[in-house]
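A short worksheet on the structure shown next.
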Amino acid sequence: MASNDLPTLASALDQIVKFAPAGYTNWASIARDGAAAARAGNVDAVKASCRGCHDQYRSKYRDEMRARALP
């Protein structure tokens with residue numbers, strides 16, 4: 001986000017879809033929405049997507065999954 005490199009951000013969000021833990025039902029759809037917004041050049045929608053996921057899952061992820069190795 002800091003560099004406003006939206007194509008790279010879209011690609012990263014596409015990868016994040018694959019990291020969705022079981023039980024985190026909205027994770028993948030939020031990441032897909034963010035990727036679509038990045039492709040459309042809508043920075044505000046990308047930020048909203050990130051904020052929505054972080055608001056919903058940050059604490060739960062830290063408590064349950066922080067030590068999980070990413071594939």
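By convention in this document, the chains of the structure tokens carry letters A, B, ... by their order, each chain's residues are numbered from 1, and ligands are numbered from 1 in the order they are shown.
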- request: Excluding Phe19 of chain A and any residue of its chain fewer than 3 positions from it, enumerate the residues within 9 Å of it, using only C-alpha atoms, and give them as a PyMOL selection string.
  value: chain A and resi 15-16+27-28+70-71
message: Report as a PyMOL selection string all protein, DNA and RNA residues lying within 12 Å of Lys60 of chain A, evaluated on only C-alpha atoms, omitting residues in the same chain fewer than 6 positions from it.
response: chain A and resi 21+23-24+53-54+66
Saved selection, atoms kept: N, CA, C and O atoms, as a PDB file, in the first residue's frame:
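So again-v9.pdb came out as:
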```pdb
ATOM      1  N   PRO A  21      -7.498 -19.736   6.607  1.00  0.00           N
ATOM      2  CA  PRO A  21      -7.622 -20.847   7.545  1.00  0.00           C
ATOM      3  C   PRO A  21      -9.062 -21.333   7.619  1.00  0.00           C
ATOM      4  O   PRO A  21     -10.004 -20.575   7.386  1.00  0.00           O
ATOM      5  N   GLY A  23     -12.537 -22.037   9.001  1.00  0.00           N
ATOM      6  CA  GLY A  23     -13.323 -21.288   9.964  1.00  0.00           C
ATOM      7  C   GLY A  23     -13.277 -19.782   9.788  1.00  0.00           C
ATOM      8  O   GLY A  23     -14.010 -19.059  10.448  1.00  0.00           O
ATOM      9  N   TYR A  24     -12.432 -19.307   8.907  1.00  0.00           N
ATOM     10  CA  TYR A  24     -12.339 -17.878   8.625  1.00  0.00           C
ATOM     11  C   TYR A  24     -13.136 -17.643   7.334  1.00  0.00           C
ATOM     12  O   TYR A  24     -12.585 -17.401   6.274  1.00  0.00           O
ATOM     13  N   CYS A  53     -10.914  -7.036   6.752  1.00  0.00           N
ATOM     14  CA  CYS A  53     -10.333  -8.323   7.132  1.00  0.00           C
ATOM     15  C   CYS A  53      -9.594  -8.208   8.467  1.00  0.00           C
ATOM     16  O   CYS A  53      -9.739  -9.050   9.348  1.00  0.00           O
ATOM     17  N   HIS A  54      -8.810  -7.147   8.604  1.00  0.00           N
ATOM     18  CA  HIS A  54      -8.059  -6.964   9.845  1.00  0.00           C
ATOM     19  C   HIS A  54      -9.000  -6.789  11.029  1.00  0.00           C
ATOM     20  O   HIS A  54      -8.764  -7.364  12.093  1.00  0.00           O
ATOM     21  N   ARG A  66      -0.904 -17.582  14.683  1.00  0.00           N
ATOM     22  CA  ARG A  66       0.308 -16.797  14.458  1.00  0.00           C
ATOM     23  C   ARG A  66       1.546 -17.652  14.176  1.00  0.00           C
ATOM     24  O   ARG A  66       2.382 -17.276  13.365  1.00  0.00           O
TER      25      ARG A  66
END
```
field: Close residues, Ala10 of chain A itself excluded, 9 Å, only C-alpha atoms, min 2 positions apart in chain, as number ranges by chain
entry: A: 5-8, 12-15, 31-32, 34-39
Could those residues be written to a file, using N, CA, C and O atoms, as a short mmCIF file (atom, residue, chain, number, x, y, z; two decimals), in the first residue's frame?
```
data_model
loop_
_atom_site.label_atom_id
_atom_site.label_comp_id
_atom_site.auth_asym_id
_atom_site.auth_seq_id
_atom_site.Cartn_x
_atom_site.Cartn_y
_atom_site.Cartn_z
N ASP A 5 1.60 0.42 -5.49
CA ASP A 5 1.83 -0.52 -6.59
C ASP A 5 0.64 -1.47 -6.65
O ASP A 5 0.69 -2.59 -6.12
N LEU A 6 -0.42 -1.03 -7.28
CA LEU A 6 -1.67 -1.79 -7.27
C LEU A 6 -1.58 -3.13 -7.99
O LEU A 6 -2.18 -4.10 -7.52
N PRO A 7 -0.86 -3.27 -9.10
CA PRO A 7 -0.74 -4.60 -9.71
C PRO A 7 -0.08 -5.62 -8.77
O PRO A 7 -0.53 -6.76 -8.68
N THR A 8 0.96 -5.20 -8.07
CA THR A 8 1.62 -6.11 -7.13
C THR A 8 0.70 -6.42 -5.95
O THR A 8 0.64 -7.55 -5.47
N ALA A 12 -0.64 -10.02 -4.66
CA ALA A 12 -0.47 -10.45 -3.27
C ALA A 12 -1.81 -10.87 -2.66
O ALA A 12 -1.90 -11.88 -1.96
N LEU A 13 -2.84 -10.11 -2.93
CA LEU A 13 -4.16 -10.46 -2.41
C LEU A 13 -4.68 -11.76 -3.02
O LEU A 13 -5.34 -12.55 -2.35
N ASP A 14 -4.36 -12.00 -4.28
CA ASP A 14 -4.71 -13.29 -4.90
C ASP A 14 -4.04 -14.44 -4.15
O ASP A 14 -4.64 -15.51 -3.97
N GLN A 15 -2.81 -14.25 -3.70
CA GLN A 15 -2.11 -15.28 -2.95
C GLN A 15 -2.70 -15.43 -1.55
O GLN A 15 -2.78 -16.54 -1.02
N ALA A 31 -10.33 -10.96 0.46
CA ALA A 31 -9.09 -10.84 -0.31
C ALA A 31 -9.40 -10.71 -1.80
O ALA A 31 -8.77 -9.91 -2.51
N ARG A 32 -10.36 -11.48 -2.30
CA ARG A 32 -10.75 -11.37 -3.72
C ARG A 32 -11.29 -9.98 -4.03
O ARG A 32 -10.99 -9.41 -5.08
N GLY A 34 -10.57 -7.23 -2.48
CA GLY A 34 -9.43 -6.31 -2.46
C GLY A 34 -8.61 -6.40 -3.73
O GLY A 34 -8.18 -5.38 -4.27
N ALA A 35 -8.39 -7.62 -4.22
CA ALA A 35 -7.64 -7.80 -5.47
C ALA A 35 -8.38 -7.16 -6.63
O ALA A 35 -7.77 -6.49 -7.48
N ALA A 36 -9.69 -7.34 -6.68
CA ALA A 36 -10.49 -6.73 -7.75
C ALA A 36 -10.43 -5.21 -7.68
O ALA A 36 -10.30 -4.53 -8.71
N ALA A 37 -10.48 -4.68 -6.48
CA ALA A 37 -10.40 -3.23 -6.31
C ALA A 37 -9.03 -2.71 -6.75
O ALA A 37 -8.93 -1.66 -7.39
N ALA A 38 -7.98 -3.45 -6.43
CA ALA A 38 -6.63 -3.05 -6.85
C ALA A 38 -6.53 -3.05 -8.37
O ALA A 38 -5.96 -2.13 -8.97
N ARG A 39 -7.08 -4.06 -9.00
CA ARG A 39 -7.06 -4.12 -10.47
C ARG A 39 -7.85 -2.97 -11.10
O ARG A 39 -7.52 -2.50 -12.18
#
```
task: Please give the complete set of residues from segment 20-56 of chain A that DSSP, run on the backbone, assigns to helix (DSSP H, G or I), formatted as a ChimeraX atom specification.
output: /A:27-40,43-56
- request: Could you tell me which of A:Gln56, A:Ser49, A:Asn42, A:Ser3 comes closest to Thr25 of chain A if we count only C-alpha atoms?
  value: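 Looking only at the distances to Thr25 of chain A, the closest residue turns out to be A:Gln56.
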task: For atom CA of Ala40 of chain A and atom CA of Ala20 of chain A, quote the distance in Å rounded to one decimal.
output: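 Between these atoms lies a distance of 23.2 Å.
Closest to Ala2 of chain A among A:Asp55, A:Val17, A:Ala67, A:Lys47 is A:Lys47, based on only C-alpha atoms.
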- request: State, in Å with one decimal place, the distance from atom CA of Asn4 of chain A to atom CA of Ala69 of chain A.
  value: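 It comes out at 27.4 Å.
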